[in-house]
$ cat data-v8.cif   # mmCIF, C-alpha atoms and all ligand atoms
data_protein
loop_
_atom_site.label_atom_id
_atom_site.label_comp_id
_atom_site.auth_asym_id
_atom_site.auth_seq_id
_atom_site.Cartn_x
_atom_site.Cartn_y
_atom_site.Cartn_z
CA MET A 961 -126.74 79.07 123.60
CA PRO A 962 -126.59 78.01 127.29
CA ARG A 963 -123.12 77.98 128.85
CA ALA A 964 -121.76 75.42 131.30
CA PHE A 965 -118.59 75.40 133.38
CA VAL A 966 -117.32 71.99 134.51
CA THR A 967 -114.57 71.17 137.00
CA GLY A 968 -113.24 67.60 136.87
CA ILE A 969 -113.74 67.62 133.10
CA THR A 970 -110.84 65.20 132.55
CA GLY A 971 -112.55 62.59 134.74
CA GLN A 972 -115.10 59.92 133.87
CA ASP A 973 -118.16 62.06 134.62
CA GLY A 974 -116.64 65.15 133.00
CA TYR A 975 -116.41 63.19 129.75
CA TYR A 976 -120.02 61.96 129.76
CA LEU A 977 -121.44 65.24 131.04
CA SER A 978 -119.59 67.23 128.36
CA LYS A 979 -120.93 64.94 125.64
CA LEU A 980 -124.45 65.33 126.99
CA LEU A 981 -124.24 69.13 127.28
CA LEU A 982 -122.71 69.49 123.81
CA SER A 983 -125.50 67.34 122.36
CA LYS A 984 -128.00 69.73 123.97
CA GLY A 985 -126.35 72.72 122.32
CA TYR A 986 -124.40 74.05 125.30
CA GLU A 987 -121.12 75.87 125.07
CA VAL A 988 -118.94 73.89 127.48
CA PHE A 989 -115.96 75.27 129.41
CA GLY A 990 -113.78 72.87 131.37
CA LEU A 991 -111.28 73.55 134.14
CA VAL A 992 -108.01 71.63 133.83
CA ARG A 993 -104.98 71.68 136.09
CA GLY A 994 -101.30 70.86 135.93
CA GLN A 995 -98.68 71.75 133.37
CA ASN A 996 -98.34 68.32 131.79
CA ASN A 997 -101.52 66.30 132.13
CA PRO A 998 -102.03 63.64 129.40
CA LYS A 999 -105.76 63.58 130.15
CA ILE A 1000 -105.99 67.09 128.66
CA ASP A 1001 -104.63 65.80 125.34
CA PHE A 1002 -107.29 63.07 125.38
CA LEU A 1003 -109.98 65.67 126.07
CA ARG A 1004 -108.75 67.88 123.21
CA GLU A 1005 -108.85 64.90 120.83
CA GLU A 1006 -112.18 63.40 121.93
CA LEU A 1007 -114.16 66.56 122.62
CA PRO A 1008 -112.50 69.38 120.65
CA GLU A 1009 -115.57 71.62 121.13
CA VAL A 1010 -114.84 71.93 124.86
CA LYS A 1011 -113.14 75.21 125.73
CA ILE A 1012 -110.30 74.64 128.16
CA LEU A 1013 -109.55 76.96 131.07
CA THR A 1014 -106.75 76.39 133.58
CA GLY A 1015 -107.09 76.49 137.34
CA ASP A 1016 -107.35 74.43 140.49
CA LEU A 1017 -110.06 73.95 143.10
CA MET A 1018 -107.48 74.85 145.76
CA ASP A 1019 -106.92 78.25 144.14
CA THR A 1020 -110.06 80.40 144.48
CA SER A 1021 -108.65 83.22 142.36
CA SER A 1022 -108.19 80.80 139.45
CA LEU A 1023 -111.86 79.81 139.79
CA ILE A 1024 -112.98 83.45 139.78
CA ARG A 1025 -110.94 84.08 136.63
CA ALA A 1026 -112.33 80.96 134.96
CA LEU A 1027 -115.90 81.99 135.78
CA ALA A 1028 -115.26 85.47 134.38
CA ALA A 1029 -114.04 83.88 131.13
CA ALA A 1030 -116.81 81.26 130.89
CA GLN A 1031 -119.77 83.40 132.08
CA PRO A 1032 -121.69 80.17 132.77
CA ASP A 1033 -125.39 79.66 133.37
CA GLU A 1034 -124.56 76.34 135.05
CA PHE A 1035 -121.57 75.26 137.15
CA TYR A 1036 -120.98 71.51 137.58
CA ASN A 1037 -118.44 70.90 140.36
CA LEU A 1038 -117.16 67.41 139.58
CA GLY A 1039 -113.49 67.98 140.48
CA ALA A 1040 -112.22 66.04 143.49
CA ILE A 1041 -109.70 63.57 144.77
CA SER A 1042 -112.16 60.75 144.25
CA PHE A 1043 -110.32 57.52 145.14
CA VAL A 1044 -111.44 56.44 148.61
CA ALA A 1045 -108.41 54.22 149.31
CA TYR A 1046 -106.01 57.07 148.49
CA SER A 1047 -107.79 59.38 150.91
CA TRP A 1048 -106.39 57.62 154.02
CA GLU A 1049 -102.82 58.10 152.79
CA ASN A 1050 -103.48 61.71 151.79
CA ALA A 1051 -106.18 62.84 154.18
CA SER A 1052 -105.09 66.47 154.39
CA LEU A 1053 -104.77 66.90 150.64
CA THR A 1054 -108.12 65.16 150.14
CA THR A 1055 -109.67 67.64 152.59
CA ASP A 1056 -108.11 70.59 150.75
CA VAL A 1057 -109.47 69.50 147.37
CA THR A 1058 -112.62 67.47 148.04
CA ALA A 1059 -113.90 69.50 151.02
CA LYS A 1060 -112.43 73.00 150.90
CA GLY A 1061 -112.45 72.97 147.10
CA VAL A 1062 -116.26 72.95 147.25
CA LEU A 1063 -116.28 76.01 149.48
CA ASN A 1064 -113.85 77.72 147.10
CA ALA A 1065 -116.13 76.87 144.16
CA LEU A 1066 -119.24 78.16 145.95
CA GLU A 1067 -117.53 81.32 147.11
CA ALA A 1068 -116.09 82.02 143.64
CA THR A 1069 -119.61 81.59 142.25
CA ARG A 1070 -121.09 83.97 144.83
CA ILE A 1071 -118.42 86.59 144.09
CA HIS A 1072 -118.87 86.12 140.33
CA ALA A 1073 -122.66 86.40 140.55
CA GLY A 1074 -122.52 89.65 142.54
CA ASP A 1075 -125.97 91.13 143.11
CA ASP A 1076 -127.65 88.55 140.90
CA ILE A 1077 -127.24 85.26 142.82
CA SER A 1078 -129.66 83.51 140.44
CA LYS A 1079 -127.18 84.08 137.59
CA VAL A 1080 -125.41 80.72 138.02
CA ARG A 1081 -126.95 77.36 138.95
CA PHE A 1082 -124.56 75.14 140.91
CA TYR A 1083 -124.23 71.33 141.01
CA GLN A 1084 -122.17 69.59 143.69
CA ALA A 1085 -120.97 66.00 143.16
CA SER A 1086 -121.88 64.47 146.51
CA SER A 1087 -121.54 60.76 147.14
CA SER A 1088 -123.10 57.66 148.68
CA GLU A 1089 -119.79 57.33 150.56
CA MET A 1090 -121.30 59.93 152.92
CA PHE A 1091 -123.63 57.20 154.24
CA GLY A 1092 -120.67 55.05 155.29
CA LYS A 1093 -121.57 52.88 158.26
CA VAL A 1094 -124.93 51.29 157.53
CA GLN A 1095 -127.75 53.11 159.35
CA GLU A 1096 -130.65 52.33 157.06
CA VAL A 1097 -131.38 50.26 153.93
CA PRO A 1098 -132.01 51.54 151.31
CA GLN A 1099 -130.34 54.92 151.79
CA SER A 1100 -132.29 58.07 150.87
CA GLU A 1101 -131.96 61.85 151.18
CA SER A 1102 -132.98 61.62 154.87
CA THR A 1103 -130.59 58.82 155.94
CA LEU A 1104 -128.12 59.78 158.69
CA LEU A 1105 -124.61 60.43 157.34
CA TRP A 1106 -121.78 58.45 158.98
CA PRO A 1107 -118.77 58.63 156.65
CA ARG A 1108 -116.05 55.98 157.00
CA SER A 1109 -113.08 57.54 155.16
CA PRO A 1110 -111.37 60.92 154.86
CA TYR A 1111 -112.95 61.11 151.40
CA GLY A 1112 -116.43 60.50 152.85
CA VAL A 1113 -115.89 63.11 155.54
CA ALA A 1114 -114.71 65.62 152.91
CA LYS A 1115 -117.81 64.95 150.81
CA VAL A 1116 -120.06 65.56 153.83
CA PHE A 1117 -118.44 68.99 154.25
CA GLY A 1118 -119.07 69.81 150.57
CA HIS A 1119 -122.64 68.54 150.79
CA TYR A 1120 -123.58 70.68 153.76
CA MET A 1121 -121.70 73.71 152.46
CA THR A 1122 -123.76 73.48 149.25
CA ILE A 1123 -126.97 73.33 151.30
CA ASN A 1124 -125.66 76.23 153.39
CA TYR A 1125 -125.11 78.44 150.33
CA ARG A 1126 -128.61 77.59 149.13
CA GLU A 1127 -130.13 78.49 152.48
CA SER A 1128 -127.91 81.50 153.30
CA TYR A 1129 -127.77 83.24 149.93
CA GLY A 1130 -130.69 81.75 147.98
CA MET A 1131 -128.28 80.21 145.50
CA HIS A 1132 -129.72 77.66 143.03
CA ALA A 1133 -127.40 74.98 144.43
CA SER A 1134 -128.09 71.25 144.16
CA SER A 1135 -126.30 68.30 145.64
CA GLY A 1136 -126.49 65.00 143.80
CA VAL A 1137 -125.89 62.09 146.16
CA LEU A 1138 -124.71 59.71 143.48
CA PHE A 1139 -124.10 56.04 144.14
CA ASN A 1140 -121.24 54.27 142.33
CA HIS A 1141 -121.41 54.72 138.58
CA GLU A 1142 -119.08 53.12 136.11
CA SER A 1143 -118.26 52.95 132.42
CA PRO A 1144 -115.43 52.11 130.02
CA MET A 1145 -114.06 55.57 130.99
CA ARG A 1146 -113.75 54.61 134.67
CA GLY A 1147 -110.27 55.10 136.15
CA PRO A 1148 -108.26 51.84 136.37
CA GLU A 1149 -107.84 52.21 140.15
CA PHE A 1150 -111.56 51.54 140.82
CA VAL A 1151 -112.61 47.94 141.35
CA THR A 1152 -114.98 47.56 138.37
CA ARG A 1153 -112.44 48.76 135.82
CA LYS A 1154 -109.60 46.93 137.54
CA ILE A 1155 -111.62 43.74 137.10
CA SER A 1156 -112.82 44.45 133.53
CA MET A 1157 -109.23 45.14 132.40
CA ALA A 1158 -107.93 42.02 134.15
CA VAL A 1159 -110.69 39.79 132.78
CA ALA A 1160 -110.01 41.04 129.24
CA LYS A 1161 -106.28 40.33 129.63
CA ILE A 1162 -106.89 36.90 131.18
CA ALA A 1163 -109.30 36.02 128.35
CA LEU A 1164 -106.61 36.95 125.82
CA GLY A 1165 -103.91 35.03 127.67
CA GLN A 1166 -101.98 38.19 128.61
CA GLN A 1167 -102.36 37.86 132.39
CA LYS A 1168 -103.05 34.96 134.80
CA THR A 1169 -104.47 36.49 137.99
CA VAL A 1170 -105.88 39.65 139.50
CA SER A 1171 -105.15 40.78 143.05
CA LEU A 1172 -108.04 42.31 144.98
CA GLY A 1173 -109.20 43.26 148.48
CA ASN A 1174 -112.61 42.80 150.08
CA LEU A 1175 -114.90 40.79 147.80
CA ASP A 1176 -117.87 40.95 150.22
CA ALA A 1177 -118.50 44.69 149.88
CA LYS A 1178 -121.86 45.49 148.28
CA ARG A 1179 -122.32 48.42 145.93
CA ASP A 1180 -125.22 49.91 143.97
CA TRP A 1181 -123.54 50.19 140.56
CA GLY A 1182 -125.04 52.17 137.67
CA PHE A 1183 -123.87 53.52 134.30
CA ALA A 1184 -122.15 56.92 134.30
CA GLY A 1185 -123.97 58.01 131.12
CA ASP A 1186 -127.30 57.74 132.95
CA TYR A 1187 -126.02 59.55 136.04
CA VAL A 1188 -124.79 62.71 134.28
CA ASP A 1189 -128.28 63.10 132.83
CA ALA A 1190 -129.57 63.29 136.42
CA MET A 1191 -127.07 66.09 137.16
CA TRP A 1192 -128.40 68.12 134.24
CA ARG A 1193 -132.02 67.49 135.24
CA MET A 1194 -131.33 68.83 138.76
CA LEU A 1195 -130.20 72.16 137.35
CA GLN A 1196 -133.35 72.47 135.18
CA GLN A 1197 -135.61 72.50 138.28
CA PRO A 1198 -137.08 75.79 139.51
CA THR A 1199 -135.07 75.57 142.76
CA GLY A 1200 -132.00 73.74 144.01
CA ASP A 1201 -132.40 70.57 146.09
CA ASP A 1202 -130.68 67.30 147.04
CA TYR A 1203 -131.29 64.03 145.24
CA VAL A 1204 -130.15 60.44 145.65
CA ILE A 1205 -129.25 58.84 142.29
CA SER A 1206 -128.99 55.05 142.29
CA THR A 1207 -130.33 51.90 140.67
CA GLY A 1208 -131.86 50.42 143.84
CA GLU A 1209 -129.96 47.13 143.32
CA THR A 1210 -126.88 46.03 145.21
CA HIS A 1211 -124.22 43.48 144.26
CA GLU A 1212 -121.12 42.08 145.95
CA VAL A 1213 -117.73 42.61 144.33
CA ARG A 1214 -117.64 38.82 143.82
CA GLU A 1215 -120.86 39.04 141.75
CA TYR A 1216 -119.17 41.58 139.48
CA LEU A 1217 -116.31 39.08 139.12
CA ASP A 1218 -118.73 36.25 138.38
CA VAL A 1219 -120.59 38.16 135.64
CA ALA A 1220 -117.37 39.54 134.12
CA PHE A 1221 -115.55 36.20 133.93
CA ASN A 1222 -118.62 34.34 132.69
CA HIS A 1223 -118.99 36.96 129.96
CA VAL A 1224 -115.69 35.74 128.46
CA GLY A 1225 -116.58 32.08 129.02
CA ILE A 1226 -114.60 31.49 132.24
CA SER A 1227 -116.79 29.94 134.94
CA ASP A 1228 -114.07 28.62 137.30
CA TRP A 1229 -112.81 32.15 137.89
CA GLU A 1230 -111.74 31.73 141.55
CA LYS A 1231 -108.37 30.36 140.41
CA HIS A 1232 -107.67 33.69 138.67
CA VAL A 1233 -108.38 35.83 141.78
CA GLU A 1234 -105.99 36.46 144.67
CA GLN A 1235 -106.82 38.42 147.80
CA ASN A 1236 -104.17 40.84 149.00
CA PRO A 1237 -104.37 42.59 152.40
CA ALA A 1238 -102.88 45.69 150.75
CA PHE A 1239 -106.22 46.29 149.03
CA PHE A 1240 -108.32 46.10 152.20
CA ARG A 1241 -109.27 49.45 153.71
CA PRO A 1242 -108.82 50.70 157.31
CA ALA A 1243 -112.63 51.00 157.49
CA GLU A 1244 -115.04 49.58 154.94
CA VAL A 1245 -118.45 50.69 153.71
CA ASP A 1246 -120.15 47.29 153.73
CA LEU A 1247 -123.45 47.90 151.98
CA LEU A 1248 -124.73 50.62 149.71
CA VAL A 1249 -128.12 50.55 148.04
CA GLY A 1250 -129.99 53.71 147.18
CA ASP A 1251 -133.62 54.79 147.09
CA ALA A 1252 -133.95 57.18 144.13
CA THR A 1253 -137.73 57.68 144.48
CA LYS A 1254 -137.38 61.47 144.78
CA ALA A 1255 -135.31 61.69 141.58
CA ARG A 1256 -137.75 59.44 139.76
CA GLU A 1257 -140.77 61.47 140.83
CA THR A 1258 -139.32 65.00 140.63
CA LEU A 1259 -136.72 64.74 137.87
CA GLY A 1260 -138.36 61.98 135.82
CA TRP A 1261 -135.01 60.17 136.01
CA SER A 1262 -134.43 56.43 135.95
CA PRO A 1263 -131.45 54.24 135.06
CA THR A 1264 -131.38 52.53 131.65
CA VAL A 1265 -128.45 50.09 131.97
CA SER A 1266 -128.76 46.90 134.05
CA PHE A 1267 -125.93 45.42 136.12
CA PRO A 1268 -125.11 42.59 133.65
CA GLU A 1269 -125.25 45.06 130.75
CA LEU A 1270 -122.85 47.40 132.55
CA VAL A 1271 -120.35 44.63 133.29
CA ALA A 1272 -120.51 43.36 129.70
CA MET A 1273 -120.05 46.90 128.34
CA MET A 1274 -116.90 47.39 130.41
CA VAL A 1275 -115.35 44.00 129.61
CA ASP A 1276 -116.15 44.36 125.89
CA ALA A 1277 -114.59 47.83 125.79
CA ASP A 1278 -111.39 46.55 127.39
CA LEU A 1279 -111.26 43.56 125.02
CA ALA A 1280 -111.66 45.94 122.08
CA ARG A 1281 -108.91 48.24 123.39
CA LEU A 1282 -106.50 45.33 123.78
CA GLN A 1283 -107.28 43.98 120.30
CA ALA A 1284 -107.10 47.37 118.53
P1 LIG A 1301 -112.53 61.06 138.46
O1 LIG A 1301 -111.58 60.63 139.52
O2 LIG A 1301 -112.61 60.30 137.18
O3 LIG A 1301 -112.22 62.59 138.10
C1 LIG A 1301 -111.85 63.51 139.08
C2 LIG A 1301 -111.59 64.84 138.41
O4 LIG A 1301 -111.22 65.80 139.42
C3 LIG A 1301 -110.44 64.81 137.40
O5 LIG A 1301 -110.82 65.56 136.26
C4 LIG A 1301 -109.31 65.52 138.14
O6 LIG A 1301 -108.43 66.21 137.28
C5 LIG A 1301 -110.11 66.55 138.94
N1 LIG A 1301 -109.33 67.12 140.04
C6 LIG A 1301 -108.58 66.46 140.96
N2 LIG A 1301 -107.99 67.34 141.77
C7 LIG A 1301 -108.37 68.58 141.37
C8 LIG A 1301 -108.05 69.89 141.80
N3 LIG A 1301 -107.22 70.12 142.82
N4 LIG A 1301 -108.61 70.94 141.15
C9 LIG A 1301 -109.45 70.72 140.10
N5 LIG A 1301 -109.77 69.50 139.64
C10 LIG A 1301 -109.23 68.44 140.26
O7 LIG A 1301 -113.99 61.14 139.16
P2 LIG A 1301 -115.43 60.81 138.55
O8 LIG A 1301 -115.57 61.44 137.22
O9 LIG A 1301 -115.73 59.37 138.73
O10 LIG A 1301 -116.36 61.57 139.60
C11 LIG A 1301 -116.73 62.95 139.44
C12 LIG A 1301 -117.12 63.52 140.79
O11 LIG A 1301 -118.21 62.78 141.32
C13 LIG A 1301 -116.03 63.47 141.87
O12 LIG A 1301 -116.21 64.61 142.67
C14 LIG A 1301 -116.36 62.21 142.67
O13 LIG A 1301 -115.87 62.32 143.98
C15 LIG A 1301 -117.87 62.26 142.60
N6 LIG A 1301 -118.56 60.99 142.71
C16 LIG A 1301 -118.24 59.97 141.84
C17 LIG A 1301 -118.94 58.78 141.87
C18 LIG A 1301 -118.62 57.66 140.95
O14 LIG A 1301 -119.09 56.54 141.21
N7 LIG A 1301 -117.90 57.89 139.86
C19 LIG A 1301 -120.07 58.60 142.83
C20 LIG A 1301 -120.33 59.76 143.66
C21 LIG A 1301 -119.60 60.90 143.58
P3 LIG A 1301 -106.97 65.63 136.83
O15 LIG A 1301 -107.19 64.99 135.50
O16 LIG A 1301 -106.16 66.86 136.72
O17 LIG A 1301 -106.51 64.70 137.89
P1 LIG A 1302 -115.68 53.16 146.09
O1 LIG A 1302 -115.15 52.48 144.75
O2 LIG A 1302 -114.69 53.10 147.17
O3 LIG A 1302 -117.04 52.58 146.36
O4 LIG A 1302 -115.80 54.69 145.65
P2 LIG A 1302 -114.02 51.38 144.48
O5 LIG A 1302 -114.31 50.84 143.14
O6 LIG A 1302 -112.66 51.90 144.74
O7 LIG A 1302 -114.33 50.26 145.61
C1 LIG A 1302 -115.57 49.56 145.63
C2 LIG A 1302 -115.48 48.41 146.62
O8 LIG A 1302 -114.60 47.40 146.09
C3 LIG A 1302 -113.76 46.96 147.13
N1 LIG A 1302 -112.52 46.40 146.56
C4 LIG A 1302 -111.60 47.08 145.86
N2 LIG A 1302 -111.57 48.37 145.46
C5 LIG A 1302 -110.51 48.77 144.71
N3 LIG A 1302 -110.48 50.02 144.26
N4 LIG A 1302 -109.48 47.92 144.38
C6 LIG A 1302 -109.47 46.61 144.78
O9 LIG A 1302 -108.54 45.87 144.48
C7 LIG A 1302 -110.59 46.17 145.54
N5 LIG A 1302 -110.94 44.98 146.07
C8 LIG A 1302 -112.11 45.13 146.68
C9 LIG A 1302 -113.52 48.20 147.98
O10 LIG A 1302 -113.04 47.83 149.28
C10 LIG A 1302 -114.93 48.78 147.99
O11 LIG A 1302 -115.70 48.19 148.98
C11 LIG A 1302 -116.32 55.08 144.39
C12 LIG A 1302 -115.59 56.37 143.95
O12 LIG A 1302 -115.96 56.68 142.64
C13 LIG A 1302 -115.97 57.52 144.86
O13 LIG A 1302 -115.40 58.73 144.36
C14 LIG A 1302 -117.51 57.64 144.91
O14 LIG A 1302 -117.88 58.70 145.74
C15 LIG A 1302 -118.10 56.33 145.37
O15 LIG A 1302 -117.71 55.30 144.47
C16 LIG A 1302 -119.62 56.37 145.41
#
$ encode --input "data-v8.cif" --output "structure tokens"
Amino acid sequence: MPRAFVTGITGQDGYYLSKLLLSKGYEVFGLVRGQNNPKIDFLREELPEVKILTGDLMDTSSLIRALAAAQPDEFYNLGAISFVAYSWENASLTTDVTAKGVLNALEATRIHAGDDISKVRFYQASSSEMFGKVQEVPQSESTLLWPRSPYGVAKVFGHYMTINYRESYGMHASSGVLFNHESPMRGPEFVTRKISMAVAKIALGQQKTVSLGNLDAKRDWGFAGDYVDAMWRMLQQPTGDDYVISTGETHEVREYLDVAFNHVGISDWEKHVEQNPAFFRPAEVDLLVGDATKARETLGWSPTVSFPELVAMMVDADLARLQA
């Protein structure tokens, strides 16, 4: 039975990746943190097969202990402070977790592996936020990185540190440069889920308006369930490498609004949307659209959920939650 160790298991991707790995017969170990985290209760209820280990990406010794307990064949490093807007307010903490946490994870893996560096295959959750200021469209593995937030800068550090461990120590380390991916499990702070929850409430007469920031930003949005499959495929390759994972389509935030509101039969949706300067960012990433040719050709990966299907899935899930 293959064994996997997952940080960030209480997050959106941790949920879908755990389900995928369990369905493939893996024994899954997940790192959780904090002494009173309600997301751990949810994990225990939804995925009772997952074996829970405690620790924190900022505490290397806790990672070494967790690896000793899990003895994994594969390490998926999904843990991070992942909310871009929050990263300006908490830049130092974001750097500790999202940047230095990757180094801690790599170093713990190297120490754990000892003389046999091929013992553990490593996945790093890199991000399209690393592209930041638009240099090239679409963005691929060779596009210049120009991050526009403390989060983006932290992810660049993790990305290059992963490449560095591959090149310095021969570690089977891969970096997935994933574009935005969403699902009904998406945190409510992210724009897609914020909108799907608001649209569901407005449709049911429980709320009148939703307050948002920049509606012109363009994102390449895919379904999280598809994207975790790409992570797994990367670790099945003979060597580690870097891959862009994206749909190749981009949409403005206002298009997401349009599809979501129309899905519940509201076409004059502008009257339900307010713009609030508090939700604008000090620096914006205006346009993201990825070129996943390498992943398609090497990993045999392609997305299965279209943009309208994704929006409908999220709105329907929030309607169902509210009506349960
Ligand atoms: P979430 O925000 O849903 O989950 C983040 C996870 O990180 C949570 O489980 C959280 O645990 C954990 N975490 C936070 N701080 C620490 C810490 N100090 N030590 C250990 N774990 C910690 O993110 P997603 O599931 O959406 O994303 C997974 C990864 O992929 C992240 O690294 C993100 O930056 C990256 N990414 C995501 C994309 C997306 O569109 N979703 C796109 C590209 C990259 P807790 O429950 O304790 O808070
Ligand atoms: P992003 O996702 O920053 O791309 O990072 P988010 O959903 O937060 O923002 C997407 C775009 O929507 C605009 N926006 C708003 N965003 C939020 N959250 N709330 C609002 O009210 C709002 N109004 C407009 C934003 O300005 C932005 O342009 C996500 C995270 O999952 C990262 O961890 C990951 O690395 C990247 O995707 C790829």
$ residues_near_ligand --input "data-v8.cif" --ligand "ligand LIG 1301 (chain A)" --cutoff "6 Å" --atoms "all atoms listed in the file" --output "ChimeraX atom specification"
/A:967-974,992-993,999,1016-1018,1038-1042,1057,1085-1087,1138-1141,1147
$ atom_distance --input "data-v8.cif" --atom1 "CA of Leu1104 (chain A)" --atom2 "CA of Ser1134 (chain A)"
18.5 Å
$ closest_atom_pairs --input "data-v8.cif" --of "chain A" --to "ligand LIG 1302 (chain A)" --cutoff "9 Å" --atoms "all atoms listed in the file" --output "CSV"
residue,atom,partner,partner_atom,distance
A:Ala1040,CA,A:LIG1302,O13,8.0
A:Ile1041,CA,A:LIG1302,O13,7.5
A:Ser1042,CA,A:LIG1302,O13,3.8
A:Phe1043,CA,A:LIG1302,O13,5.3
A:Val1044,CA,A:LIG1302,O2,4.9
A:Ala1045,CA,A:LIG1302,O6,6.7
A:Ala1085,CA,A:LIG1302,O14,8.3
A:Ser1086,CA,A:LIG1302,O14,7.1
A:Ser1087,CA,A:LIG1302,O14,4.4
A:Ser1088,CA,A:LIG1302,C16,4.9
A:Glu1089,CA,A:LIG1302,C16,5.2
A:Met1090,CA,A:LIG1302,O14,8.0
A:Tyr1111,CA,A:LIG1302,O13,7.8
A:Gly1112,CA,A:LIG1302,O14,7.5
A:Lys1115,CA,A:LIG1302,O14,8.0
A:Val1137,CA,A:LIG1302,C16,8.5
A:Leu1138,CA,A:LIG1302,C16,6.4
A:Phe1139,CA,A:LIG1302,C16,4.7
A:Asn1140,CA,A:LIG1302,C16,4.1
A:His1141,CA,A:LIG1302,O15,7.0
A:Glu1142,CA,A:LIG1302,O12,8.1
A:Arg1146,CA,A:LIG1302,O12,8.5
A:Gly1147,CA,A:LIG1302,O12,8.8
A:Pro1148,CA,A:LIG1302,N3,8.4
A:Glu1149,CA,A:LIG1302,N3,5.4
A:Phe1150,CA,A:LIG1302,O5,3.7
A:Val1151,CA,A:LIG1302,O5,3.8
A:Thr1152,CA,A:LIG1302,O5,5.8
A:Arg1153,CA,A:LIG1302,O5,7.8
A:Lys1154,CA,A:LIG1302,N4,6.9
A:Ile1155,CA,A:LIG1302,O9,8.3
A:Val1170,CA,A:LIG1302,O9,8.4
A:Ser1171,CA,A:LIG1302,O9,6.3
A:Leu1172,CA,A:LIG1302,O9,3.6
A:Gly1173,CA,A:LIG1302,N5,3.4
A:Asn1174,CA,A:LIG1302,C8,4.2
A:Leu1175,CA,A:LIG1302,C8,5.3
A:Asp1176,CA,A:LIG1302,O11,7.7
A:Ala1177,CA,A:LIG1302,O11,4.6
A:Lys1178,CA,A:LIG1302,O11,6.8
A:Arg1179,CA,A:LIG1302,O3,6.7
A:Asp1180,CA,A:LIG1302,C16,8.7
A:Trp1181,CA,A:LIG1302,O15,8.7
A:Glu1212,CA,A:LIG1302,O8,8.4
A:Val1213,CA,A:LIG1302,O8,6.0
A:Arg1214,CA,A:LIG1302,C8,8.9
A:Gln1235,CA,A:LIG1302,N5,7.9
A:Asn1236,CA,A:LIG1302,O9,8.1
A:Ala1238,CA,A:LIG1302,O9,8.4
A:Phe1239,CA,A:LIG1302,O9,5.1
A:Phe1240,CA,A:LIG1302,O10,5.8
A:Arg1241,CA,A:LIG1302,O10,6.0
A:Ala1243,CA,A:LIG1302,O10,8.8
A:Glu1244,CA,A:LIG1302,O11,6.2
A:Val1245,CA,A:LIG1302,O11,6.0
A:Asp1246,CA,A:LIG1302,O11,6.6
A:Leu1247,CA,A:LIG1302,O11,8.3
A:Leu1248,CA,A:LIG1302,O3,8.6
$ closest_residue --input "data-v8.cif" --among "A:Leu1023, A:Trp1192, A:Phe1002, A:Glu1096" --to "Leu982 (chain A)" --atoms "only C-alpha atoms"
A:Trp1192
$ closest_residue --input "data-v8.cif" --among "A:Asn1064, A:Asn996, A:Asn1124, A:Ser1102" --to "Ser1022 (chain A)" --atoms "all atoms listed in the file"
A:Asn1064
$ atom_distance --input "data-v8.cif" --atom1 "CA of Asp1201 (chain A)" --atom2 "CA of Thr1264 (chain A)"
23.1 Å
$ residues_around --input "data-v8.cif" --residues "Gln1084 (chain A)" --least-positions-apart "2" --cutoff "9 Å" --atoms "all atoms listed in the file" --output "PyMOL selection string"
chain A and resi 1035-1038+1062+1082+1086+1118-1119+1122+1133-1137+1191
$ residues_near_point --input "data-v8.cif" --point "(-106.4, 38.9, 126.1)" --cutoff "12 Å" --atoms "all atoms listed in the file" --output "tab-separated table (two decimals) with C-alpha atoms, in the coordinates of the input"
chain	number	residue	atom	x	y	z
A	1156	SER	CA	-112.82	44.45	133.53
A	1157	MET	CA	-109.23	45.14	132.40
A	1158	ALA	CA	-107.93	42.02	134.15
A	1159	VAL	CA	-110.69	39.79	132.78
A	1160	ALA	CA	-110.01	41.04	129.24
A	1161	LYS	CA	-106.28	40.33	129.63
A	1162	ILE	CA	-106.89	36.90	131.18
A	1163	ALA	CA	-109.30	36.02	128.35
A	1164	LEU	CA	-106.61	36.95	125.82
A	1165	GLY	CA	-103.91	35.03	127.67
A	1166	GLN	CA	-101.98	38.19	128.61
A	1167	GLN	CA	-102.36	37.86	132.39
A	1168	LYS	CA	-103.05	34.96	134.80
A	1224	VAL	CA	-115.69	35.74	128.46
A	1275	VAL	CA	-115.35	44.00	129.61
A	1276	ASP	CA	-116.15	44.36	125.89
A	1278	ASP	CA	-111.39	46.55	127.39
A	1279	LEU	CA	-111.26	43.56	125.02
A	1280	ALA	CA	-111.66	45.94	122.08
A	1281	ARG	CA	-108.91	48.24	123.39
A	1282	LEU	CA	-106.50	45.33	123.78
A	1283	GLN	CA	-107.28	43.98	120.30
A	1284	ALA	CA	-107.10	47.37	118.53
$ atom_distance --input "data-v8.cif" --atom1 "CA of Glu1034 (chain A)" --atom2 "CA of Leu1195 (chain A)"
7.4 Å
$ closest_residue --input "data-v8.cif" --among "A:Gly1200, A:Pro1110, A:Pro1237, A:Gly990" --to "Ile1123 (chain A)" --atoms "all atoms listed in the file"
A:Gly1200
$ residues_around --input "data-v8.cif" --residues "Ala1114 (chain A)" --least-positions-apart "5" --cutoff "6 Å" --atoms "only C-alpha atoms" --output "PyMOL selection string"
chain A and resi 1055+1058-1059
$ closest_residue --input "data-v8.cif" --among "A:Ile1024, A:Ala1030, A:Ala1184, A:Ala1051" --to "Tyr975 (chain A)" --atoms "all atoms listed in the file"
A:Ala1184
$ closest_residue --input "data-v8.cif" --among "A:Met1273, A:Pro1242, A:His1232, A:Phe1183" --to "Tyr1046 (chain A)" --atoms "all atoms listed in the file"
A:Pro1242
$ closest_residue --input "data-v8.cif" --among "A:Ile1012, A:Ala1065, A:Leu1270, A:Ala1277" --to "Met1121 (chain A)" --atoms "all atoms listed in the file"
A:Ala1065
